[in-house]
file my_file09.csv (CSV, C-alpha atoms)
chain,number,residue,atom,x,y,z
A,1,MET,CA,146.2,44.8,12.5
A,2,ASN,CA,142.6,45.4,13.5
A,3,VAL,CA,139.9,42.7,13.5
A,4,ALA,CA,136.2,43.5,14.1
A,5,VAL,CA,133.6,40.9,14.9
A,6,VAL,CA,130.2,42.4,14.2
A,7,PHE,CA,127.1,40.4,15.1
A,8,HIS,CA,123.6,40.2,16.2
A,9,SER,CA,122.6,37.7,18.9
A,10,ALA,CA,119.1,37.0,20.2
A,11,SER,CA,119.5,34.2,22.8
A,12,GLY,CA,123.2,34.7,23.5
A,13,SER,CA,124.6,31.7,21.5
A,14,THR,CA,125.7,33.9,18.6
A,15,LYS,CA,127.4,36.2,21.1
A,16,GLN,CA,129.3,33.2,22.5
A,17,LEU,CA,130.5,32.3,19.0
A,18,ALA,CA,131.5,36.0,18.5
A,19,GLN,CA,133.5,35.9,21.7
A,20,ALA,CA,135.3,32.7,20.6
A,21,VAL,CA,136.1,34.2,17.1
A,22,ALA,CA,137.5,37.2,18.9
A,23,GLU,CA,139.6,35.0,21.2
A,24,GLY,CA,141.0,33.2,18.3
A,25,ALA,CA,141.9,36.4,16.4
A,26,ALA,CA,143.4,38.0,19.5
A,27,ALA,CA,145.7,35.1,20.1
A,28,GLN,CA,147.7,36.1,17.1
A,29,PRO,CA,150.6,38.5,17.8
A,30,GLY,CA,149.9,42.1,16.7
A,31,VAL,CA,146.2,41.7,16.4
A,32,ASP,CA,143.7,44.0,18.1
A,33,VAL,CA,140.1,42.8,18.2
A,34,ILE,CA,136.8,44.7,18.8
A,35,GLN,CA,133.5,43.0,19.2
A,36,ILE,CA,130.5,45.1,18.0
A,37,GLU,CA,127.1,43.8,18.8
A,38,ILE,CA,124.0,45.0,16.8
A,39,VAL,CA,121.3,45.6,19.4
A,40,GLY,CA,117.6,46.6,19.1
A,41,ALA,CA,118.3,50.2,20.0
A,42,ASP,CA,120.4,50.5,16.8
A,43,ILE,CA,117.2,50.1,14.8
A,44,VAL,CA,114.6,52.8,14.6
A,45,GLU,CA,111.4,52.3,12.6
A,46,GLY,CA,113.1,49.3,10.9
A,47,ARG,CA,116.2,51.2,9.8
A,48,PHE,CA,119.7,50.8,11.3
A,49,CYS,CA,120.8,54.1,12.7
A,50,ASN,CA,124.1,53.5,14.6
A,51,THR,CA,126.7,55.5,12.5
A,52,LYS,CA,129.3,55.0,15.3
A,53,LEU,CA,129.2,51.3,14.7
A,54,LEU,CA,129.8,51.7,11.0
A,55,GLN,CA,132.7,54.1,11.7
A,56,GLN,CA,134.3,51.5,13.9
A,57,LEU,CA,134.3,49.1,11.0
A,58,ASP,CA,136.1,51.6,8.8
A,59,SER,CA,139.3,51.1,10.8
A,60,ALA,CA,139.2,47.3,10.7
A,61,ASP,CA,141.4,45.3,8.4
A,62,VAL,CA,139.3,42.2,8.9
A,63,VAL,CA,135.6,42.0,9.5
A,64,VAL,CA,133.8,38.8,10.7
A,65,PHE,CA,130.1,38.9,10.4
A,66,GLY,CA,127.8,36.9,12.7
A,67,SER,CA,124.0,36.3,12.9
A,68,PRO,CA,121.6,33.6,13.9
A,69,THR,CA,119.7,32.0,11.1
A,70,TYR,CA,116.1,32.9,11.0
A,71,MET,CA,113.8,31.7,8.2
A,72,GLY,CA,116.8,30.7,6.2
A,73,CYS,CA,118.8,33.9,6.3
A,74,VAL,CA,120.3,36.5,8.6
A,75,SER,CA,118.2,38.1,11.4
A,76,ALA,CA,116.2,41.2,10.6
A,77,GLN,CA,118.6,43.2,12.8
A,78,PHE,CA,121.6,42.1,10.8
A,79,LYS,CA,119.8,42.7,7.6
A,80,ALA,CA,119.0,46.3,8.8
A,81,PHE,CA,122.7,46.8,9.5
A,82,SER,CA,123.7,45.5,6.0
A,83,ASP,CA,121.1,47.7,4.3
A,84,ALA,CA,122.5,50.7,6.1
A,85,THR,CA,125.9,50.3,4.4
A,86,GLY,CA,124.8,51.5,1.0
A,87,GLU,CA,126.9,54.7,1.0
A,88,LEU,CA,129.9,52.7,2.1
A,89,TRP,CA,129.2,50.2,-0.8
A,90,SER,CA,129.0,53.0,-3.4
A,91,LYS,CA,132.4,54.3,-2.3
A,92,GLN,CA,133.8,50.7,-1.9
A,93,SER,CA,135.0,51.8,1.6
A,94,TRP,CA,135.6,48.3,2.7
A,95,ALA,CA,137.2,47.0,-0.5
A,96,ASN,CA,140.1,44.6,0.0
A,97,LYS,CA,139.3,44.0,3.7
A,98,VAL,CA,139.2,40.3,4.6
A,99,ALA,CA,135.8,39.1,5.6
A,100,ALA,CA,134.3,35.9,7.1
A,101,GLY,CA,131.1,34.8,8.7
A,102,PHE,CA,129.4,32.5,11.2
A,103,THR,CA,125.9,31.5,12.1
A,104,ILE,CA,123.9,29.2,14.3
A,105,GLY,CA,120.5,27.6,14.0
A,106,ALA,CA,118.2,25.4,15.9
A,107,ASN,CA,117.8,22.9,13.1
A,108,LEU,CA,120.6,20.8,11.7
A,109,SER,CA,119.6,21.7,8.1
A,110,GLY,CA,117.8,25.0,8.8
A,111,ASP,CA,119.3,26.7,5.7
A,112,GLN,CA,122.2,28.1,7.6
A,113,LEU,CA,124.3,27.8,4.5
A,114,ASN,CA,122.1,30.5,2.9
A,115,THR,CA,122.9,32.8,5.8
A,116,LEU,CA,126.6,32.4,5.1
A,117,GLN,CA,126.0,32.9,1.4
A,118,TYR,CA,124.1,36.1,2.2
A,119,MET,CA,127.1,37.3,4.2
A,120,GLN,CA,129.5,36.3,1.5
A,121,VAL,CA,127.5,38.2,-1.2
A,122,PHE,CA,127.3,41.2,1.1
A,123,ALA,CA,131.0,41.2,1.6
A,124,ASN,CA,131.7,40.7,-2.1
A,125,GLN,CA,129.4,43.6,-2.9
A,126,HIS,CA,131.7,45.7,-0.7
A,127,GLY,CA,134.8,44.4,-2.6
A,128,MET,CA,135.9,42.4,0.4
A,129,LEU,CA,137.9,39.2,0.2
A,130,TRP,CA,136.0,36.2,1.7
A,131,ALA,CA,137.7,33.6,3.9
A,132,GLY,CA,136.0,30.3,4.7
A,133,LEU,CA,137.1,27.4,6.8
A,134,ASP,CA,139.9,25.2,5.5
A,135,ILE,CA,138.9,22.2,7.6
A,136,PRO,CA,137.2,19.5,5.7
A,137,GLY,CA,134.1,18.3,7.5
A,138,ASN,CA,134.6,15.2,9.7
A,139,TYR,CA,138.3,15.0,8.8
A,140,ASP,CA,139.7,17.0,11.8
A,141,PRO,CA,140.8,15.0,14.8
A,142,ALA,CA,139.2,17.7,17.1
A,143,MET,CA,136.0,17.5,15.0
A,144,ARG,CA,136.0,21.2,14.3
A,145,ASN,CA,133.7,22.0,11.4
A,146,ARG,CA,131.5,19.1,12.6
A,147,LEU,CA,128.6,20.3,10.3
A,148,GLY,CA,130.9,20.4,7.2
A,149,ALA,CA,130.5,24.0,6.0
A,150,GLN,CA,133.5,25.3,4.1
A,151,SER,CA,132.0,28.8,3.5
A,152,GLY,CA,132.2,29.8,7.1
A,153,LEU,CA,131.2,28.5,10.5
A,154,ILE,CA,127.8,26.9,11.0
A,155,ALA,CA,126.9,25.9,14.6
A,156,HIS,CA,123.9,24.2,15.9
A,157,SER,CA,122.0,24.4,19.2
A,158,ILE,CA,118.4,23.8,20.2
A,159,ASP,CA,118.8,25.2,23.7
A,160,SER,CA,121.4,28.0,23.3
A,161,VAL,CA,124.0,25.7,24.8
A,162,LEU,CA,126.9,25.4,22.3
A,163,ASP,CA,128.7,22.3,21.5
A,164,GLU,CA,132.4,22.7,22.5
A,165,THR,CA,133.5,21.7,19.0
A,166,ASP,CA,131.6,24.7,17.6
A,167,LEU,CA,133.4,27.0,20.0
A,168,LEU,CA,136.7,25.4,18.9
A,169,ALA,CA,135.8,26.0,15.3
A,170,ALA,CA,134.9,29.6,16.1
A,171,ARG,CA,138.3,30.2,17.7
A,172,TYR,CA,139.9,28.6,14.7
A,173,LEU,CA,138.0,30.8,12.3
A,174,GLY,CA,139.2,33.9,14.3
A,175,GLN,CA,142.8,32.6,14.1
A,176,ARG,CA,142.5,31.9,10.4
A,177,VAL,CA,141.1,35.3,9.4
A,178,ALA,CA,143.7,37.1,11.5
A,179,LEU,CA,146.5,35.1,9.8
A,180,ILE,CA,145.0,35.8,6.3
A,181,GLY,CA,144.5,39.5,7.2
A,182,GLN,CA,148.1,39.8,8.2
A,183,LYS,CA,149.2,38.7,4.8
A,184,PHE,CA,147.2,41.5,3.2
A,185,VAL,CA,147.9,44.4,5.6
A,186,THR,CA,151.0,46.4,4.7
call {"tool": "encode", "arguments": {"input": "my_file09.csv", "output": "structure tokens"}}
result
Amino acid sequence: MNVAVVFHSASGSTKQLAQAVAEGAAAQPGVDVIQIEIVGADIVEGRFCNTKLLQQLDSADVVVFGSPTYMGCVSAQFKAFSDATGELWSKQSWANKVAAGFTIGANLSGDQLNTLQYMQVFANQHGMLWAGLDIPGNYDPAMRNRLGAQSGLIAHSIDSVLDETDLLAARYLGQRVALIGQKFVT
């Protein structure tokens, strides 16, 4: 089974979360993981132009989306990526793939939930099956999901240094989506 973690990272903290998600997924037997970073060179005159990246996602059974939260939503780079999937959307090329998402913000409340909801709507438009976290906030002995988001992983850092519990939650998210994906892949 193939898991893709596609993300944009500005300061490196989203990339650290992506790596932890990938580690969690790769720990499951029979799971191959690729990390795909959206970079500035992928965007020309405001439009996402990396068709190779989009083709890599076609072979994935599970796709985990990641973006920092800027102004209450995904980064412009991630938005350009999502806008470029219109043809895939019209063909429902990603239908029935499992999807999940993660984000990080510098403010505790910084509207990160809206970022996850954007990703969830994006995945649903593609016919994907969304998987959130199944850890109730503040009820986990390891304190994963310390910020209490069930829709996906929300992390917080003001200096790009991640809290270890956010990395634990990211690994758990990767493990969870890999396990869910294995139930759907025939």
call {"tool": "closest_atom_pairs", "arguments": {"input": "my_file09.csv", "of": "range 81-107 of chain A", "to": "range 111-134 of chain A", "cutoff": "8 Å", "atoms": "only C-alpha atoms", "output": "JSON lines"}}
result
{"residue": "A:Ser82", "atom": "CA", "partner": "A:Phe122", "partner_atom": "CA", "distance": 7.4}
{"residue": "A:Leu88", "atom": "CA", "partner": "A:His126", "partner_atom": "CA", "distance": 7.8}
{"residue": "A:Trp89", "atom": "CA", "partner": "A:His126", "partner_atom": "CA", "distance": 5.1}
{"residue": "A:Gln92", "atom": "CA", "partner": "A:His126", "partner_atom": "CA", "distance": 5.6}
{"residue": "A:Ser93", "atom": "CA", "partner": "A:His126", "partner_atom": "CA", "distance": 7.3}
{"residue": "A:Trp94", "atom": "CA", "partner": "A:His126", "partner_atom": "CA", "distance": 5.8}
{"residue": "A:Ala95", "atom": "CA", "partner": "A:Gly127", "partner_atom": "CA", "distance": 4.1}
{"residue": "A:Asn96", "atom": "CA", "partner": "A:Met128", "partner_atom": "CA", "distance": 4.8}
{"residue": "A:Lys97", "atom": "CA", "partner": "A:Met128", "partner_atom": "CA", "distance": 5.0}
{"residue": "A:Val98", "atom": "CA", "partner": "A:Leu129", "partner_atom": "CA", "distance": 4.7}
{"residue": "A:Ala99", "atom": "CA", "partner": "A:Trp130", "partner_atom": "CA", "distance": 4.9}
{"residue": "A:Ala100", "atom": "CA", "partner": "A:Ala131", "partner_atom": "CA", "distance": 5.2}
{"residue": "A:Gly101", "atom": "CA", "partner": "A:Leu116", "partner_atom": "CA", "distance": 6.2}
{"residue": "A:Phe102", "atom": "CA", "partner": "A:Leu116", "partner_atom": "CA", "distance": 6.7}
{"residue": "A:Thr103", "atom": "CA", "partner": "A:Gln112", "partner_atom": "CA", "distance": 6.7}
{"residue": "A:Ile104", "atom": "CA", "partner": "A:Gln112", "partner_atom": "CA", "distance": 7.0}
{"residue": "A:Gly105", "atom": "CA", "partner": "A:Gln112", "partner_atom": "CA", "distance": 6.6}
call {"tool": "closest_residue", "arguments": {"input": "my_file09.csv", "among": "A:Thr51, A:Val177, A:Gln77, A:Ala149", "to": "Ala4 in chain A", "atoms": "all atoms listed in the file"}}
result
A:Val177
call {"tool": "closest_residue", "arguments": {"input": "my_file09.csv", "among": "A:Glu23, A:Leu167, A:Gly174, A:Leu108", "to": "Gly148 in chain A", "atoms": "all atoms listed in the file"}}
result
A:Leu108
call {"tool": "axis_aligned_box", "arguments": {"input": "my_file09.csv", "around": "range 26-30 of chain A", "padding_each_side": "5 Å", "output": "JSON"}}
result
{"center_x": 147.0, "center_y": 38.6, "center_z": 18.4, "size_x": 17.2, "size_y": 17.0, "size_z": 13.4}
call {"tool": "residues_around", "arguments": {"input": "my_file09.csv", "residues": "Pro141 in chain A", "least_positions_apart": "5", "cutoff": "12 Å", "atoms": "only C-alpha atoms", "output": "ChimeraX atom specification"}}
result
/A:135-136,146,165,168
call {"tool": "closest_residue", "arguments": {"input": "my_file09.csv", "among": "A:Ala60, A:Leu173, A:Val44, A:Ile38", "to": "Met1 in chain A", "atoms": "all atoms listed in the file"}}
result
A:Ala60
call {"tool": "atom_distance", "arguments": {"input": "my_file09.csv", "atom1": "CA of Ile158 in chain A", "atom2": "CA of Ala106 in chain A"}}
result
4.6 Å
call {"tool": "residues_around", "arguments": {"input": "my_file09.csv", "residues": "Ala26 in chain A", "least_positions_apart": "5", "cutoff": "10 Å", "atoms": "all atoms listed in the file", "output": "list in words"}}
result
Asn2, Val3, Ala20, Val21, Val31, Asp32, Val33, Ile34, Arg171, Gly174, Gln175 and Ala178 of chain A
call {"tool": "atom_distance", "arguments": {"input": "my_file09.csv", "atom1": "CA of Cys49 in chain A", "atom2": "CA of Thr69 in chain A"}}
result
22.2 Å
call {"tool": "residues_around", "arguments": {"input": "my_file09.csv", "residues": "Ser67 in chain A", "least_positions_apart": "5", "cutoff": "6 Å", "atoms": "all atoms listed in the file", "output": "PDB file with C-alpha atoms, in the coordinates of the input"}}
result
ATOM      1  CA  PHE A   7     127.100  40.400  15.100  1.00  0.00           C
ATOM      2  CA  HIS A   8     123.600  40.200  16.200  1.00  0.00           C
ATOM      3  CA  VAL A  74     120.300  36.500   8.600  1.00  0.00           C
ATOM      4  CA  THR A 103     125.900  31.500  12.100  1.00  0.00           C
TER       5      THR A 103
END
call {"tool": "atom_distance", "arguments": {"input": "my_file09.csv", "atom1": "CA of Ser157 in chain A", "atom2": "CA of Gln16 in chain A"}}
result
11.9 Å
call {"tool": "closest_residue", "arguments": {"input": "my_file09.csv", "among": "A:Ser109, A:Ser9, A:Asn50, A:Asn138", "to": "Ala76 in chain A", "atoms": "only C-alpha atoms"}}
result
A:Ser9
call {"tool": "closest_residue", "arguments": {"input": "my_file09.csv", "among": "A:Ala170, A:Val63, A:Ile180, A:Ile154", "to": "Gln19 in chain A", "atoms": "all atoms listed in the file"}}
result
A:Ala170
call {"tool": "closest_residue", "arguments": {"input": "my_file09.csv", "among": "A:Val39, A:Ala18, A:Ala10, A:Leu54", "to": "Gly66 in chain A", "atoms": "all atoms listed in the file"}}
result
A:Ala18
call {"tool": "residues_around", "arguments": {"input": "my_file09.csv", "residues": "Val161 in chain A", "least_positions_apart": "5", "cutoff": "10 Å", "atoms": "all atoms listed in the file", "output": "number ranges by chain"}}
result
A: 11-13, 16, 156
call {"tool": "write_last_selection", "arguments": {"input": "my_file09.csv", "atoms": "C-alpha atoms", "output": "CSV table (one decimal), keeping the file's coordinate frame"}}
result
chain,number,residue,atom,x,y,z
A,11,SER,CA,119.5,34.2,22.8
A,12,GLY,CA,123.2,34.7,23.5
A,13,SER,CA,124.6,31.7,21.5
A,16,GLN,CA,129.3,33.2,22.5
A,156,HIS,CA,123.9,24.2,15.9
call {"tool": "decode", "arguments": {"input": "my_file09.csv", "residues": "range 37-53 of chain A", "atoms": "all heavy atoms", "output": "PDB file, in the first residue's frame"}}
result
ATOM      1  N   GLU A  37       7.189  17.481  -1.139  1.00  0.00           N
ATOM      2  CA  GLU A  37       7.154  18.853  -0.644  1.00  0.00           C
ATOM      3  C   GLU A  37       6.812  19.819  -1.774  1.00  0.00           C
ATOM      4  O   GLU A  37       7.423  19.777  -2.851  1.00  0.00           O
ATOM      5  CB  GLU A  37       8.484  19.246  -0.024  1.00  0.00           C
ATOM      6  CG  GLU A  37       8.467  20.610   0.613  1.00  0.00           C
ATOM      7  CD  GLU A  37       9.705  20.937   1.420  1.00  0.00           C
ATOM      8  OE1 GLU A  37      10.661  20.121   1.424  1.00  0.00           O
ATOM      9  OE2 GLU A  37       9.715  22.000   2.061  1.00  0.00           O
ATOM     10  N   ILE A  38       5.842  20.675  -1.530  1.00  0.00           N
ATOM     11  CA  ILE A  38       5.496  21.753  -2.458  1.00  0.00           C
ATOM     12  C   ILE A  38       6.499  22.873  -2.206  1.00  0.00           C
ATOM     13  O   ILE A  38       6.609  23.360  -1.081  1.00  0.00           O
ATOM     14  CB  ILE A  38       4.053  22.247  -2.213  1.00  0.00           C
ATOM     15  CG1 ILE A  38       3.052  21.109  -2.405  1.00  0.00           C
ATOM     16  CG2 ILE A  38       3.731  23.438  -3.103  1.00  0.00           C
ATOM     17  CD1 ILE A  38       1.675  21.389  -1.824  1.00  0.00           C
ATOM     18  N   VAL A  39       7.239  23.248  -3.235  1.00  0.00           N
ATOM     19  CA  VAL A  39       8.270  24.288  -3.086  1.00  0.00           C
ATOM     20  C   VAL A  39       7.961  25.459  -4.009  1.00  0.00           C
ATOM     21  O   VAL A  39       7.148  25.349  -4.934  1.00  0.00           O
ATOM     22  CB  VAL A  39       9.683  23.722  -3.373  1.00  0.00           C
ATOM     23  CG1 VAL A  39      10.045  22.651  -2.344  1.00  0.00           C
ATOM     24  CG2 VAL A  39       9.781  23.171  -4.774  1.00  0.00           C
ATOM     25  N   GLY A  40       8.632  26.565  -3.761  1.00  0.00           N
ATOM     26  CA  GLY A  40       8.388  27.782  -4.530  1.00  0.00           C
ATOM     27  C   GLY A  40       8.557  27.601  -6.030  1.00  0.00           C
ATOM     28  O   GLY A  40       7.812  28.184  -6.819  1.00  0.00           O
ATOM     29  N   ALA A  41       9.521  26.784  -6.449  1.00  0.00           N
ATOM     30  CA  ALA A  41       9.749  26.568  -7.881  1.00  0.00           C
ATOM     31  C   ALA A  41       8.579  25.859  -8.560  1.00  0.00           C
ATOM     32  O   ALA A  41       8.474  25.882  -9.794  1.00  0.00           O
ATOM     33  CB  ALA A  41      11.035  25.773  -8.088  1.00  0.00           C
ATOM     34  N   ASP A  42       7.691  25.242  -7.774  1.00  0.00           N
ATOM     35  CA  ASP A  42       6.501  24.575  -8.332  1.00  0.00           C
ATOM     36  C   ASP A  42       5.459  25.581  -8.796  1.00  0.00           C
ATOM     37  O   ASP A  42       4.490  25.207  -9.457  1.00  0.00           O
ATOM     38  CB  ASP A  42       5.848  23.664  -7.287  1.00  0.00           C
ATOM     39  CG  ASP A  42       6.700  22.475  -6.913  1.00  0.00           C
ATOM     40  OD1 ASP A  42       7.519  22.033  -7.733  1.00  0.00           O
ATOM     41  OD2 ASP A  42       6.546  21.986  -5.771  1.00  0.00           O
ATOM     42  N   ILE A  43       5.646  26.842  -8.436  1.00  0.00           N
ATOM     43  CA  ILE A  43       4.631  27.861  -8.705  1.00  0.00           C
ATOM     44  C   ILE A  43       5.224  28.923  -9.628  1.00  0.00           C
ATOM     45  O   ILE A  43       6.251  29.522  -9.332  1.00  0.00           O
ATOM     46  CB  ILE A  43       4.114  28.473  -7.398  1.00  0.00           C
ATOM     47  CG1 ILE A  43       3.510  27.325  -6.577  1.00  0.00           C
ATOM     48  CG2 ILE A  43       3.115  29.590  -7.654  1.00  0.00           C
ATOM     49  CD1 ILE A  43       3.255  27.560  -5.178  1.00  0.00           C
ATOM     50  N   VAL A  44       4.563  29.101 -10.761  1.00  0.00           N
ATOM     51  CA  VAL A  44       5.008  30.072 -11.752  1.00  0.00           C
ATOM     52  C   VAL A  44       3.857  31.039 -12.000  1.00  0.00           C
ATOM     53  O   VAL A  44       2.747  30.622 -12.348  1.00  0.00           O
ATOM     54  CB  VAL A  44       5.421  29.372 -13.069  1.00  0.00           C
ATOM     55  CG1 VAL A  44       5.825  30.391 -14.118  1.00  0.00           C
ATOM     56  CG2 VAL A  44       6.530  28.363 -12.812  1.00  0.00           C
ATOM     57  N   GLU A  45       4.124  32.314 -11.797  1.00  0.00           N
ATOM     58  CA  GLU A  45       3.116  33.359 -11.953  1.00  0.00           C
ATOM     59  C   GLU A  45       1.828  33.024 -11.208  1.00  0.00           C
ATOM     60  O   GLU A  45       0.722  33.198 -11.710  1.00  0.00           O
ATOM     61  CB  GLU A  45       2.852  33.625 -13.439  1.00  0.00           C
ATOM     62  CG  GLU A  45       4.070  34.183 -14.164  1.00  0.00           C
ATOM     63  CD  GLU A  45       3.797  34.571 -15.603  1.00  0.00           C
ATOM     64  OE1 GLU A  45       2.630  34.518 -16.041  1.00  0.00           O
ATOM     65  OE2 GLU A  45       4.772  34.916 -16.277  1.00  0.00           O
ATOM     66  N   GLY A  46       2.007  32.493  -9.991  1.00  0.00           N
ATOM     67  CA  GLY A  46       0.872  32.206  -9.122  1.00  0.00           C
ATOM     68  C   GLY A  46       0.182  30.874  -9.363  1.00  0.00           C
ATOM     69  O   GLY A  46      -0.723  30.514  -8.619  1.00  0.00           O
ATOM     70  N   ARG A  47       0.597  30.140 -10.385  1.00  0.00           N
ATOM     71  CA  ARG A  47      -0.043  28.859 -10.709  1.00  0.00           C
ATOM     72  C   ARG A  47       0.897  27.696 -10.409  1.00  0.00           C
ATOM     73  O   ARG A  47       2.085  27.749 -10.711  1.00  0.00           O
ATOM     74  CB  ARG A  47      -0.436  28.808 -12.190  1.00  0.00           C
ATOM     75  CG  ARG A  47      -1.377  29.906 -12.641  1.00  0.00           C
ATOM     76  CD  ARG A  47      -2.726  29.865 -12.004  1.00  0.00           C
ATOM     77  NE  ARG A  47      -3.459  28.680 -12.402  1.00  0.00           N
ATOM     78  CZ  ARG A  47      -4.592  28.293 -11.864  1.00  0.00           C
ATOM     79  NH1 ARG A  47      -5.141  29.015 -10.904  1.00  0.00           N
ATOM     80  NH2 ARG A  47      -5.198  27.209 -12.269  1.00  0.00           N
ATOM     81  N   PHE A  48       0.362  26.633  -9.853  1.00  0.00           N
ATOM     82  CA  PHE A  48       1.124  25.425  -9.571  1.00  0.00           C
ATOM     83  C   PHE A  48       1.367  24.692 -10.893  1.00  0.00           C
ATOM     84  O   PHE A  48       0.426  24.443 -11.654  1.00  0.00           O
ATOM     85  CB  PHE A  48       0.342  24.533  -8.596  1.00  0.00           C
ATOM     86  CG  PHE A  48       1.070  23.289  -8.204  1.00  0.00           C
ATOM     87  CD1 PHE A  48       1.984  23.316  -7.166  1.00  0.00           C
ATOM     88  CD2 PHE A  48       0.850  22.104  -8.867  1.00  0.00           C
ATOM     89  CE1 PHE A  48       2.667  22.164  -6.794  1.00  0.00           C
ATOM     90  CE2 PHE A  48       1.519  20.951  -8.510  1.00  0.00           C
ATOM     91  CZ  PHE A  48       2.432  20.977  -7.477  1.00  0.00           C
ATOM     92  N   CYS A  49       2.616  24.328 -11.164  1.00  0.00           N
ATOM     93  CA  CYS A  49       2.966  23.768 -12.472  1.00  0.00           C
ATOM     94  C   CYS A  49       3.712  22.441 -12.402  1.00  0.00           C
ATOM     95  O   CYS A  49       4.296  22.020 -13.389  1.00  0.00           O
ATOM     96  CB  CYS A  49       3.827  24.773 -13.238  1.00  0.00           C
ATOM     97  SG  CYS A  49       3.014  26.337 -13.528  1.00  0.00           S
ATOM     98  N   ASN A  50       3.720  21.763 -11.271  1.00  0.00           N
ATOM     99  CA  ASN A  50       4.488  20.534 -11.127  1.00  0.00           C
ATOM    100  C   ASN A  50       3.602  19.323 -11.402  1.00  0.00           C
ATOM    101  O   ASN A  50       3.032  18.720 -10.491  1.00  0.00           O
ATOM    102  CB  ASN A  50       5.099  20.460  -9.725  1.00  0.00           C
ATOM    103  CG  ASN A  50       6.050  19.309  -9.551  1.00  0.00           C
ATOM    104  OD1 ASN A  50       6.025  18.340 -10.293  1.00  0.00           O
ATOM    105  ND2 ASN A  50       6.905  19.413  -8.542  1.00  0.00           N
ATOM    106  N   THR A  51       3.488  18.950 -12.669  1.00  0.00           N
ATOM    107  CA  THR A  51       2.643  17.807 -13.038  1.00  0.00           C
ATOM    108  C   THR A  51       3.216  16.491 -12.523  1.00  0.00           C
ATOM    109  O   THR A  51       2.462  15.556 -12.242  1.00  0.00           O
ATOM    110  CB  THR A  51       2.436  17.735 -14.557  1.00  0.00           C
ATOM    111  OG1 THR A  51       3.720  17.699 -15.194  1.00  0.00           O
ATOM    112  CG2 THR A  51       1.652  18.937 -15.069  1.00  0.00           C
ATOM    113  N   LYS A  52       4.543  16.414 -12.374  1.00  0.00           N
ATOM    114  CA  LYS A  52       5.160  15.192 -11.839  1.00  0.00           C
ATOM    115  C   LYS A  52       4.659  14.929 -10.424  1.00  0.00           C
ATOM    116  O   LYS A  52       4.374  13.791 -10.058  1.00  0.00           O
ATOM    117  CB  LYS A  52       6.677  15.309 -11.859  1.00  0.00           C
ATOM    118  CG  LYS A  52       7.382  14.071 -11.356  1.00  0.00           C
ATOM    119  CD  LYS A  52       8.888  14.241 -11.341  1.00  0.00           C
ATOM    120  CE  LYS A  52       9.523  13.004 -10.709  1.00  0.00           C
ATOM    121  NZ  LYS A  52      10.920  13.196 -10.401  1.00  0.00           N
ATOM    122  N   LEU A  53       4.547  15.975  -9.609  1.00  0.00           N
ATOM    123  CA  LEU A  53       4.045  15.832  -8.247  1.00  0.00           C
ATOM    124  C   LEU A  53       2.622  15.272  -8.272  1.00  0.00           C
ATOM    125  O   LEU A  53       2.299  14.340  -7.539  1.00  0.00           O
ATOM    126  CB  LEU A  53       4.090  17.172  -7.519  1.00  0.00           C
ATOM    127  CG  LEU A  53       3.695  17.178  -6.047  1.00  0.00           C
ATOM    128  CD1 LEU A  53       4.393  18.308  -5.328  1.00  0.00           C
ATOM    129  CD2 LEU A  53       2.204  17.298  -5.839  1.00  0.00           C
TER     130      LEU A  53
END
